[in-house]
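Q: My structure is in upload-v4.txt, and what it holds is compact mmCIF, N, CA and C atoms:
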```txt
# COMPACT_ATOMS: atom_id res chain seq x y z
N MET A 784 23.97 -98.23 -37.23
CA MET A 784 24.85 -98.08 -36.11
C MET A 784 26.32 -98.11 -36.56
N LEU A 785 26.67 -98.99 -37.45
CA LEU A 785 28.08 -99.11 -37.84
C LEU A 785 28.60 -97.86 -38.53
N GLU A 786 27.73 -97.13 -39.20
CA GLU A 786 28.18 -95.90 -39.86
C GLU A 786 28.59 -94.83 -38.85
N GLN A 787 28.24 -95.00 -37.58
CA GLN A 787 28.61 -94.04 -36.53
C GLN A 787 29.95 -94.36 -35.88
N ILE A 788 30.57 -95.47 -36.25
CA ILE A 788 31.86 -95.86 -35.67
C ILE A 788 32.95 -94.91 -36.17
N ASP A 789 33.75 -94.43 -35.25
CA ASP A 789 34.90 -93.58 -35.58
C ASP A 789 36.01 -94.48 -36.12
N VAL A 790 36.24 -94.44 -37.41
CA VAL A 790 37.22 -95.33 -38.04
C VAL A 790 38.66 -94.97 -37.67
N GLN A 791 38.87 -93.85 -37.03
CA GLN A 791 40.22 -93.47 -36.59
C GLN A 791 40.61 -94.17 -35.29
N ARG A 792 39.64 -94.77 -34.62
CA ARG A 792 39.94 -95.50 -33.38
C ARG A 792 40.75 -96.74 -33.70
N ASP A 793 41.51 -97.20 -32.73
CA ASP A 793 42.29 -98.42 -32.91
C ASP A 793 41.45 -99.66 -32.66
N ARG A 794 40.49 -99.55 -31.74
CA ARG A 794 39.76 -100.74 -31.32
C ARG A 794 38.35 -100.37 -30.86
N VAL A 795 37.42 -101.28 -31.10
CA VAL A 795 36.06 -101.18 -30.60
C VAL A 795 35.76 -102.50 -29.89
N THR A 796 35.24 -102.38 -28.67
CA THR A 796 34.91 -103.55 -27.88
C THR A 796 33.40 -103.63 -27.72
N ALA A 797 32.84 -104.78 -28.06
CA ALA A 797 31.40 -105.01 -27.91
C ALA A 797 31.19 -106.14 -26.91
N PHE A 798 30.15 -105.99 -26.12
CA PHE A 798 29.81 -107.02 -25.14
C PHE A 798 28.37 -107.46 -25.35
N PHE A 799 28.17 -108.76 -25.42
CA PHE A 799 26.84 -109.36 -25.56
C PHE A 799 26.51 -110.08 -24.26
N HIS A 800 25.58 -109.51 -23.52
CA HIS A 800 25.13 -110.11 -22.26
C HIS A 800 23.98 -111.05 -22.57
N CYS A 801 24.05 -112.26 -22.04
CA CYS A 801 23.05 -113.31 -22.33
C CYS A 801 23.03 -113.63 -23.82
N CYS A 802 24.18 -114.03 -24.32
CA CYS A 802 24.35 -114.27 -25.76
C CYS A 802 23.69 -115.56 -26.23
N SER A 803 23.24 -116.39 -25.31
CA SER A 803 22.61 -117.66 -25.67
C SER A 803 23.57 -118.47 -26.54
N ILE A 804 23.10 -119.00 -27.65
CA ILE A 804 23.94 -119.89 -28.48
C ILE A 804 24.84 -119.13 -29.44
N GLY A 805 24.83 -117.80 -29.37
CA GLY A 805 25.82 -117.01 -30.09
C GLY A 805 25.40 -116.42 -31.42
N CYS A 806 24.17 -116.59 -31.82
CA CYS A 806 23.76 -116.09 -33.14
C CYS A 806 23.96 -114.58 -33.29
N GLU A 807 23.55 -113.80 -32.31
CA GLU A 807 23.65 -112.35 -32.43
C GLU A 807 25.11 -111.86 -32.46
N PRO A 808 25.97 -112.35 -31.58
CA PRO A 808 27.37 -111.89 -31.68
C PRO A 808 28.04 -112.29 -32.99
N TYR A 809 27.78 -113.49 -33.47
CA TYR A 809 28.35 -113.89 -34.76
C TYR A 809 27.78 -113.05 -35.88
N SER A 810 26.48 -112.75 -35.82
CA SER A 810 25.85 -111.90 -36.84
C SER A 810 26.47 -110.50 -36.83
N PHE A 811 26.73 -109.97 -35.63
CA PHE A 811 27.36 -108.65 -35.52
C PHE A 811 28.76 -108.68 -36.13
N ALA A 812 29.51 -109.72 -35.87
CA ALA A 812 30.86 -109.83 -36.43
C ALA A 812 30.82 -109.88 -37.96
N ILE A 813 29.87 -110.62 -38.50
CA ILE A 813 29.73 -110.70 -39.97
C ILE A 813 29.30 -109.34 -40.53
N ALA A 814 28.34 -108.68 -39.88
CA ALA A 814 27.90 -107.36 -40.33
C ALA A 814 29.06 -106.37 -40.31
N TRP A 815 29.90 -106.45 -39.27
CA TRP A 815 31.08 -105.58 -39.15
C TRP A 815 32.01 -105.81 -40.34
N LYS A 816 32.32 -107.07 -40.61
CA LYS A 816 33.23 -107.39 -41.72
C LYS A 816 32.66 -106.94 -43.06
N LEU A 817 31.37 -107.15 -43.28
CA LEU A 817 30.75 -106.73 -44.54
C LEU A 817 30.74 -105.20 -44.66
N PHE A 818 30.40 -104.51 -43.59
CA PHE A 818 30.31 -103.05 -43.62
C PHE A 818 31.66 -102.41 -43.90
N PHE A 819 32.71 -102.91 -43.27
CA PHE A 819 34.03 -102.30 -43.40
C PHE A 819 34.90 -102.96 -44.48
N GLN A 820 34.35 -103.86 -45.23
CA GLN A 820 35.11 -104.57 -46.27
C GLN A 820 35.78 -103.57 -47.21
N GLY A 821 37.10 -103.66 -47.32
CA GLY A 821 37.85 -102.78 -48.21
C GLY A 821 38.10 -101.38 -47.66
N ARG A 822 37.69 -101.14 -46.41
CA ARG A 822 37.89 -99.82 -45.81
C ARG A 822 38.63 -99.97 -44.49
N ARG A 823 39.20 -98.86 -44.05
CA ARG A 823 39.84 -98.86 -42.74
C ARG A 823 38.78 -99.06 -41.66
N ALA A 824 39.11 -99.89 -40.70
CA ALA A 824 38.18 -100.15 -39.60
C ALA A 824 38.98 -100.39 -38.32
N PRO A 825 38.41 -99.99 -37.20
CA PRO A 825 39.06 -100.34 -35.93
C PRO A 825 39.04 -101.85 -35.74
N GLN A 826 39.97 -102.35 -34.96
CA GLN A 826 39.96 -103.76 -34.60
C GLN A 826 38.72 -103.99 -33.74
N LEU A 827 37.99 -105.06 -34.02
CA LEU A 827 36.80 -105.40 -33.24
C LEU A 827 37.11 -106.55 -32.30
N LYS A 828 36.73 -106.39 -31.05
CA LYS A 828 36.81 -107.47 -30.07
C LYS A 828 35.43 -107.64 -29.46
N ILE A 829 34.94 -108.85 -29.51
CA ILE A 829 33.62 -109.16 -28.96
C ILE A 829 33.80 -110.04 -27.73
N TYR A 830 33.16 -109.64 -26.65
CA TYR A 830 33.07 -110.48 -25.47
C TYR A 830 31.62 -110.90 -25.33
N ALA A 831 31.42 -112.12 -24.91
CA ALA A 831 30.06 -112.61 -24.75
C ALA A 831 29.99 -113.48 -23.51
N SER A 832 28.82 -113.47 -22.92
CA SER A 832 28.59 -114.25 -21.73
C SER A 832 27.14 -114.71 -21.68
N ASP A 833 26.91 -115.68 -20.86
CA ASP A 833 25.56 -116.15 -20.60
C ASP A 833 25.55 -116.72 -19.19
N LEU A 834 24.42 -116.70 -18.58
CA LEU A 834 24.32 -117.23 -17.22
C LEU A 834 24.43 -118.75 -17.19
N SER A 835 24.14 -119.39 -18.32
CA SER A 835 24.22 -120.84 -18.41
C SER A 835 25.55 -121.26 -19.04
N ALA A 836 26.36 -121.98 -18.29
CA ALA A 836 27.64 -122.46 -18.81
C ALA A 836 27.44 -123.40 -19.99
N GLU A 837 26.37 -124.20 -19.96
CA GLU A 837 26.10 -125.13 -21.06
C GLU A 837 25.76 -124.40 -22.35
N ILE A 838 24.94 -123.37 -22.24
CA ILE A 838 24.56 -122.58 -23.42
C ILE A 838 25.77 -121.83 -23.95
N LEU A 839 26.59 -121.27 -23.06
CA LEU A 839 27.79 -120.56 -23.49
C LEU A 839 28.75 -121.50 -24.21
N GLU A 840 28.85 -122.74 -23.76
CA GLU A 840 29.70 -123.72 -24.43
C GLU A 840 29.17 -124.00 -25.84
N GLN A 841 27.86 -124.02 -25.98
CA GLN A 841 27.27 -124.22 -27.31
C GLN A 841 27.64 -123.04 -28.23
N ALA A 842 27.63 -121.83 -27.69
CA ALA A 842 28.04 -120.65 -28.47
C ALA A 842 29.52 -120.75 -28.85
N ARG A 843 30.33 -121.21 -27.94
CA ARG A 843 31.77 -121.35 -28.20
C ARG A 843 32.02 -122.36 -29.32
N ARG A 844 31.26 -123.47 -29.32
CA ARG A 844 31.41 -124.48 -30.39
C ARG A 844 30.95 -123.93 -31.74
N ALA A 845 29.93 -123.10 -31.72
CA ALA A 845 29.42 -122.43 -32.93
C ALA A 845 29.05 -123.40 -34.05
N GLU A 846 28.47 -124.50 -33.68
CA GLU A 846 27.99 -125.47 -34.68
C GLU A 846 26.49 -125.30 -34.81
N TYR A 847 26.05 -124.99 -36.03
CA TYR A 847 24.64 -124.72 -36.27
C TYR A 847 24.11 -125.60 -37.39
N ALA A 848 22.82 -125.86 -37.34
CA ALA A 848 22.18 -126.60 -38.44
C ALA A 848 22.30 -125.77 -39.71
N ASP A 849 22.56 -126.42 -40.82
CA ASP A 849 22.74 -125.67 -42.06
C ASP A 849 21.47 -124.93 -42.50
N SER A 850 20.35 -125.23 -41.88
CA SER A 850 19.11 -124.51 -42.19
C SER A 850 19.17 -123.03 -41.79
N ILE A 851 20.13 -122.66 -40.92
CA ILE A 851 20.23 -121.24 -40.56
C ILE A 851 20.64 -120.39 -41.75
N LEU A 852 21.24 -121.01 -42.76
CA LEU A 852 21.69 -120.26 -43.93
C LEU A 852 20.54 -119.93 -44.89
N GLU A 853 19.44 -120.66 -44.79
CA GLU A 853 18.34 -120.50 -45.76
C GLU A 853 17.85 -119.06 -45.91
N PRO A 854 17.61 -118.31 -44.82
CA PRO A 854 17.11 -116.94 -45.01
C PRO A 854 18.20 -115.90 -45.29
N MET A 855 19.46 -116.32 -45.25
CA MET A 855 20.57 -115.35 -45.38
C MET A 855 20.89 -115.05 -46.84
N PRO A 856 21.25 -113.79 -47.12
CA PRO A 856 21.77 -113.47 -48.45
C PRO A 856 23.10 -114.16 -48.68
N SER A 857 23.46 -114.36 -49.92
CA SER A 857 24.69 -115.12 -50.25
C SER A 857 25.94 -114.50 -49.65
N GLU A 858 26.00 -113.15 -49.56
CA GLU A 858 27.22 -112.53 -49.00
C GLU A 858 27.38 -112.84 -47.53
N GLU A 859 26.30 -113.15 -46.82
CA GLU A 859 26.41 -113.57 -45.43
C GLU A 859 26.73 -115.06 -45.33
N CYS A 860 26.15 -115.85 -46.20
CA CYS A 860 26.42 -117.31 -46.20
C CYS A 860 27.89 -117.61 -46.44
N ALA A 861 28.57 -116.71 -47.16
CA ALA A 861 29.98 -116.91 -47.47
C ALA A 861 30.86 -116.92 -46.22
N TRP A 862 30.35 -116.46 -45.09
CA TRP A 862 31.12 -116.41 -43.85
C TRP A 862 30.98 -117.70 -43.04
N PHE A 863 30.37 -118.73 -43.62
CA PHE A 863 30.18 -120.02 -42.96
C PHE A 863 30.83 -121.13 -43.77
N VAL A 864 31.23 -122.19 -43.08
CA VAL A 864 31.78 -123.38 -43.73
C VAL A 864 31.06 -124.61 -43.19
N ALA A 865 31.10 -125.67 -43.99
CA ALA A 865 30.54 -126.93 -43.51
C ALA A 865 31.36 -127.38 -42.31
N TYR A 866 30.64 -127.85 -41.29
CA TYR A 866 31.32 -128.26 -40.06
C TYR A 866 30.48 -129.33 -39.40
N GLY A 867 31.04 -130.51 -39.22
CA GLY A 867 30.28 -131.60 -38.60
C GLY A 867 29.03 -131.88 -39.42
N ALA A 868 27.89 -131.91 -38.76
CA ALA A 868 26.62 -132.18 -39.45
C ALA A 868 25.93 -130.90 -39.90
N GLY A 869 26.61 -129.74 -39.75
CA GLY A 869 25.98 -128.48 -40.10
C GLY A 869 26.98 -127.48 -40.63
N VAL A 870 26.93 -126.27 -40.10
CA VAL A 870 27.83 -125.19 -40.52
C VAL A 870 28.37 -124.46 -39.29
N ALA A 871 29.45 -123.73 -39.52
CA ALA A 871 30.05 -122.91 -38.47
C ALA A 871 30.62 -121.65 -39.11
N PRO A 872 30.69 -120.54 -38.36
CA PRO A 872 31.34 -119.34 -38.89
C PRO A 872 32.81 -119.63 -39.20
N ILE A 873 33.33 -118.99 -40.23
CA ILE A 873 34.74 -119.20 -40.58
C ILE A 873 35.64 -118.65 -39.47
N ALA A 874 36.89 -119.06 -39.50
CA ALA A 874 37.83 -118.73 -38.42
C ALA A 874 37.97 -117.24 -38.18
N VAL A 875 38.01 -116.42 -39.23
CA VAL A 875 38.21 -114.98 -39.05
C VAL A 875 37.06 -114.36 -38.24
N ILE A 876 35.90 -114.95 -38.28
CA ILE A 876 34.76 -114.49 -37.49
C ILE A 876 34.87 -115.04 -36.06
N ARG A 877 35.19 -116.31 -35.96
CA ARG A 877 35.30 -116.93 -34.63
C ARG A 877 36.40 -116.28 -33.78
N GLU A 878 37.46 -115.82 -34.43
CA GLU A 878 38.60 -115.24 -33.72
C GLU A 878 38.31 -113.87 -33.11
N LEU A 879 37.21 -113.25 -33.49
CA LEU A 879 36.84 -111.95 -32.93
C LEU A 879 36.25 -112.07 -31.53
N TRP A 880 35.94 -113.28 -31.13
CA TRP A 880 35.22 -113.55 -29.88
C TRP A 880 36.14 -113.84 -28.72
N GLY A 881 35.67 -113.47 -27.55
CA GLY A 881 36.21 -113.92 -26.29
C GLY A 881 35.03 -114.28 -25.40
N PHE A 882 35.12 -115.33 -24.67
CA PHE A 882 34.01 -115.77 -23.83
C PHE A 882 34.34 -115.54 -22.37
N ILE A 883 33.38 -115.04 -21.66
CA ILE A 883 33.54 -114.79 -20.24
C ILE A 883 32.43 -115.53 -19.52
N PRO A 884 32.76 -116.53 -18.75
CA PRO A 884 31.71 -117.30 -18.09
C PRO A 884 30.94 -116.48 -17.06
N ARG A 885 29.66 -116.56 -17.19
CA ARG A 885 28.73 -115.96 -16.22
C ARG A 885 29.08 -114.52 -15.86
N TRP A 886 29.43 -113.74 -16.85
CA TRP A 886 29.73 -112.33 -16.64
C TRP A 886 28.43 -111.61 -16.36
N LEU A 887 28.28 -111.09 -15.20
CA LEU A 887 27.07 -110.39 -14.83
C LEU A 887 27.19 -108.91 -15.19
N PHE A 888 26.08 -108.29 -15.45
CA PHE A 888 26.07 -106.90 -15.89
C PHE A 888 26.82 -105.99 -14.93
N ASP A 889 26.68 -106.19 -13.64
CA ASP A 889 27.36 -105.31 -12.69
C ASP A 889 28.84 -105.62 -12.54
N ASP A 890 29.34 -106.56 -13.32
CA ASP A 890 30.74 -106.97 -13.32
C ASP A 890 31.52 -106.35 -14.48
N VAL A 891 30.86 -105.55 -15.30
CA VAL A 891 31.44 -105.06 -16.55
C VAL A 891 32.74 -104.31 -16.34
N GLU A 892 32.80 -103.40 -15.39
CA GLU A 892 33.98 -102.56 -15.22
C GLU A 892 35.24 -103.36 -14.93
N ARG A 893 35.09 -104.51 -14.36
CA ARG A 893 36.25 -105.34 -14.03
C ARG A 893 37.00 -105.80 -15.28
N HIS A 894 36.30 -105.85 -16.41
CA HIS A 894 36.88 -106.36 -17.65
C HIS A 894 37.30 -105.26 -18.61
N GLY A 895 37.24 -104.02 -18.20
CA GLY A 895 37.68 -102.92 -19.04
C GLY A 895 36.53 -102.22 -19.74
N ALA A 896 36.88 -101.20 -20.50
CA ALA A 896 35.88 -100.37 -21.18
C ALA A 896 35.18 -101.16 -22.27
N VAL A 897 33.89 -100.90 -22.38
CA VAL A 897 33.07 -101.51 -23.43
C VAL A 897 32.45 -100.37 -24.21
N ASP A 898 32.56 -100.42 -25.54
CA ASP A 898 32.03 -99.36 -26.39
C ASP A 898 30.58 -99.60 -26.79
N VAL A 899 30.23 -100.85 -27.00
CA VAL A 899 28.89 -101.22 -27.43
C VAL A 899 28.42 -102.37 -26.55
N MET A 900 27.23 -102.24 -25.98
CA MET A 900 26.72 -103.30 -25.12
C MET A 900 25.34 -103.73 -25.61
N PHE A 901 25.20 -105.04 -25.79
CA PHE A 901 23.93 -105.63 -26.19
C PHE A 901 23.40 -106.44 -25.01
N LEU A 902 22.21 -106.11 -24.57
CA LEU A 902 21.57 -106.83 -23.48
C LEU A 902 20.48 -107.69 -24.10
N LEU A 903 20.74 -108.96 -24.22
CA LEU A 903 19.85 -109.86 -24.95
C LEU A 903 19.10 -110.77 -23.99
N ASN A 904 17.81 -110.86 -24.17
CA ASN A 904 17.01 -111.84 -23.44
C ASN A 904 17.36 -111.89 -21.96
N ALA A 905 17.58 -110.73 -21.37
CA ALA A 905 18.06 -110.70 -19.99
C ALA A 905 17.13 -109.92 -19.09
N LEU A 906 16.95 -110.42 -17.92
CA LEU A 906 16.30 -109.66 -16.87
C LEU A 906 17.39 -108.79 -16.27
N LEU A 907 17.24 -107.50 -16.38
CA LEU A 907 18.28 -106.57 -15.96
C LEU A 907 17.88 -105.94 -14.63
N VAL A 908 18.72 -106.13 -13.63
CA VAL A 908 18.53 -105.52 -12.33
C VAL A 908 19.74 -104.62 -12.09
N VAL A 909 19.52 -103.33 -11.96
CA VAL A 909 20.60 -102.40 -11.72
C VAL A 909 20.59 -102.02 -10.25
N PRO A 910 21.61 -102.46 -9.49
CA PRO A 910 21.65 -102.17 -8.05
C PRO A 910 21.66 -100.67 -7.78
N GLY A 911 20.93 -100.27 -6.74
CA GLY A 911 20.94 -98.88 -6.32
C GLY A 911 20.03 -97.97 -7.10
N VAL A 912 19.25 -98.50 -8.01
CA VAL A 912 18.37 -97.66 -8.81
C VAL A 912 16.94 -97.87 -8.37
```
Translate the structure of the given file into structure tokens.

A:
Amino acid sequence: MLEQIDVQRDRVTAFFHCCSIGCEPYSFAIAWKLFFQGRRAPQLKIYASDLSAEILEQARRAEYADSILEPMPSEECAWFVAYGAGVAPIAVIRELWGFIPRWLFDDVERHGAVDVMFLLNALLVVPGV
């Protein structure tokens, strides 16, 4: 998917609906950085939401057990630092995120254009269909 990004664009906005504790959006941010490393790339902005405010807060904290690094290749592990009793994504990854509380799918247009949308673990109801 990343090879299809138009590198002449100024910005790409991704939205993760039902992001849970944030693993997928952080993984996407790391994949973006690895893919475009040393090359021109549009600025990436990630928005994420979840229906549960508690789960979204856990994603915002981004504190994970260090066991999450075990299956990762070393180039991905390099994007994490020791944090508290576990690990957290480094600041350059965390700064790509914006959190929107309880952003519902039918609310997307209110927040502007989205280039890439990930619908994760969500029951999707599209009104009028």

Q: Can you list, as an MDAnalysis selection string, every protein, DNA or RNA residue that comes within 5 Å of Met900 (chain A) when you count only N, CA and C atoms, leaving out same-chain residues fewer than 2 positions away?

A: chainID A and resid 798 898 902

Q: From a DSSP pass on the backbone, collect the residues of region 810-873 of chain A flagged as strand (DSSP E) and hand them back as a PyMOL selection string.

A: chain A and resi 826-832+863-866+869-872

Q: Suppose you want the space between atom C of Trp862 (chain A) and CA of Ile838 (chain A); what is it in Å?

A: 21.2 Å

Q: Using CA of Ala824 (chain A) and CA of Ala842 (chain A) as the two end points, give the distance in Å to one decimal.

A: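 These atoms are spaced 25.4 Å apart.
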
Q: In the coordinate frame of the file, compute which residues have an atom within 7 Å of (25.7, -118.6, -36.1) when using all atoms listed in the file, and state them as a list in words.

A: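 Collected hits near the coordinates: Ile804, Gly805, Cys806, Glu807, Tyr809, Ser810, Ala845, Glu846, Tyr847, Ala871 and Pro872 of chain A.
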
Q: Pick out the residues sitting within 6 Å of Tyr830 (chain A), and hand them over as a ChimeraX atom specification; count only N, CA and C atoms, and ignore anything fewer than 3 positions along from it in its own chain.

A: /A:797-799,880-883

Q: For CA of Asp793 (chain A) and CA of Gln826 (chain A), determine how far apart the two atoms are, in Å to one decimal place.

A: 6.1 Å

Q: Which residue, A:Ala861, A:Ala836, A:Asp789, A:Asp849, has the smallest gap to Ile873 (chain A) when you use all atoms listed in the file?

A: A:Ala861

Q: Counting only N, CA and C atoms, which residue out of A:Trp815, A:Val870, A:Ser835, A:Arg822 sits closest to Ser850 (chain A)?

A: A:Val870

Q: Which of these residues is nearest to Asp833 (chain A), using only C-alpha atoms: A:Pro856, A:Cys802, A:Gln820, A:Ala896?

A: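 The closest residue to Asp833 (chain A) is A:Cys802.
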
Q: Find, counting only N, CA and C atoms, the residue in A:Cys860, A:Ala814, A:Ile876, A:Val897 that gets nearest to Leu785 (chain A).

A: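 Nearest candidate to Leu785 (chain A) out of A:Cys860, A:Ala814, A:Ile876, A:Val897: A:Ala814.
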
Q: Could you pull out all residues of chain A with a DSSP call of alpha helix (DSSP H) and give them as a VMD selection string?

A: chain A and resid 806 to 819 836 to 844 857 to 860 874 to 877

Q: Which one of A:Met784, A:Leu827, A:Leu879, A:Ser832 sits closest to Thr796 (chain A) if you count all atoms listed in the file?

A: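 Of A:Met784, A:Leu827, A:Leu879, A:Ser832, the one nearest Thr796 (chain A) is A:Leu827, counting all atoms listed in the file.
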
Q: Please rebuild region 808-831 of chain A with N, CA, C and O atoms and return the result as a short mmCIF file (atom, residue, chain, number, x, y, z; two decimals), in the coordinates of the input.

A:
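Result saved to result-v1.cif:
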```cif
data_model
loop_
_atom_site.label_atom_id
_atom_site.label_comp_id
_atom_site.auth_asym_id
_atom_site.auth_seq_id
_atom_site.Cartn_x
_atom_site.Cartn_y
_atom_site.Cartn_z
N PRO A 808 25.97 -112.35 -31.58
CA PRO A 808 27.37 -111.89 -31.68
C PRO A 808 28.04 -112.29 -32.99
O PRO A 808 28.78 -111.50 -33.58
N TYR A 809 27.78 -113.49 -33.47
CA TYR A 809 28.35 -113.89 -34.76
C TYR A 809 27.78 -113.05 -35.88
O TYR A 809 28.49 -112.64 -36.80
N SER A 810 26.48 -112.75 -35.82
CA SER A 810 25.85 -111.90 -36.84
C SER A 810 26.47 -110.50 -36.83
O SER A 810 26.71 -109.90 -37.88
N PHE A 811 26.73 -109.97 -35.63
CA PHE A 811 27.36 -108.65 -35.52
C PHE A 811 28.76 -108.68 -36.13
O PHE A 811 29.15 -107.75 -36.86
N ALA A 812 29.51 -109.72 -35.87
CA ALA A 812 30.86 -109.83 -36.43
C ALA A 812 30.82 -109.88 -37.96
O ALA A 812 31.63 -109.24 -38.64
N ILE A 813 29.87 -110.62 -38.50
CA ILE A 813 29.73 -110.70 -39.97
C ILE A 813 29.30 -109.34 -40.53
O ILE A 813 29.86 -108.87 -41.53
N ALA A 814 28.34 -108.68 -39.88
CA ALA A 814 27.90 -107.36 -40.33
C ALA A 814 29.06 -106.37 -40.31
O ALA A 814 29.22 -105.55 -41.23
N TRP A 815 29.90 -106.45 -39.27
CA TRP A 815 31.08 -105.58 -39.15
C TRP A 815 32.01 -105.81 -40.34
O TRP A 815 32.45 -104.86 -40.98
N LYS A 816 32.32 -107.07 -40.61
CA LYS A 816 33.23 -107.39 -41.72
C LYS A 816 32.66 -106.94 -43.06
O LYS A 816 33.39 -106.39 -43.90
N LEU A 817 31.37 -107.15 -43.28
CA LEU A 817 30.75 -106.73 -44.54
C LEU A 817 30.74 -105.20 -44.66
O LEU A 817 31.04 -104.66 -45.73
N PHE A 818 30.40 -104.51 -43.59
CA PHE A 818 30.31 -103.05 -43.62
C PHE A 818 31.66 -102.41 -43.90
O PHE A 818 31.76 -101.46 -44.68
N PHE A 819 32.71 -102.91 -43.27
CA PHE A 819 34.03 -102.30 -43.40
C PHE A 819 34.90 -102.96 -44.48
O PHE A 819 36.06 -102.61 -44.60
N GLN A 820 34.35 -103.86 -45.23
CA GLN A 820 35.11 -104.57 -46.27
C GLN A 820 35.78 -103.57 -47.21
O GLN A 820 35.13 -102.70 -47.80
N GLY A 821 37.10 -103.66 -47.32
CA GLY A 821 37.85 -102.78 -48.21
C GLY A 821 38.10 -101.38 -47.66
O GLY A 821 38.63 -100.53 -48.37
N ARG A 822 37.69 -101.14 -46.41
CA ARG A 822 37.89 -99.82 -45.81
C ARG A 822 38.63 -99.97 -44.49
O ARG A 822 38.65 -101.03 -43.90
N ARG A 823 39.20 -98.86 -44.05
CA ARG A 823 39.84 -98.86 -42.74
C ARG A 823 38.78 -99.06 -41.66
O ARG A 823 37.70 -98.48 -41.72
N ALA A 824 39.11 -99.89 -40.70
CA ALA A 824 38.18 -100.15 -39.60
C ALA A 824 38.98 -100.39 -38.32
O ALA A 824 40.07 -100.96 -38.36
N PRO A 825 38.41 -99.99 -37.20
CA PRO A 825 39.06 -100.34 -35.93
C PRO A 825 39.04 -101.85 -35.74
O PRO A 825 38.19 -102.55 -36.30
N GLN A 826 39.97 -102.35 -34.96
CA GLN A 826 39.96 -103.76 -34.60
C GLN A 826 38.72 -103.99 -33.74
O GLN A 826 38.41 -103.21 -32.86
N LEU A 827 37.99 -105.06 -34.02
CA LEU A 827 36.80 -105.40 -33.24
C LEU A 827 37.11 -106.55 -32.30
O LEU A 827 37.71 -107.56 -32.71
N LYS A 828 36.73 -106.39 -31.05
CA LYS A 828 36.81 -107.47 -30.07
C LYS A 828 35.43 -107.64 -29.46
O LYS A 828 34.84 -106.67 -28.99
N ILE A 829 34.94 -108.85 -29.51
CA ILE A 829 33.62 -109.16 -28.96
C ILE A 829 33.80 -110.04 -27.73
O ILE A 829 34.51 -111.05 -27.78
N TYR A 830 33.16 -109.64 -26.65
CA TYR A 830 33.07 -110.48 -25.47
C TYR A 830 31.62 -110.90 -25.33
O TYR A 830 30.71 -110.13 -25.61
N ALA A 831 31.42 -112.12 -24.91
CA ALA A 831 30.06 -112.61 -24.75
C ALA A 831 29.99 -113.48 -23.51
O ALA A 831 30.96 -114.11 -23.10
#
```
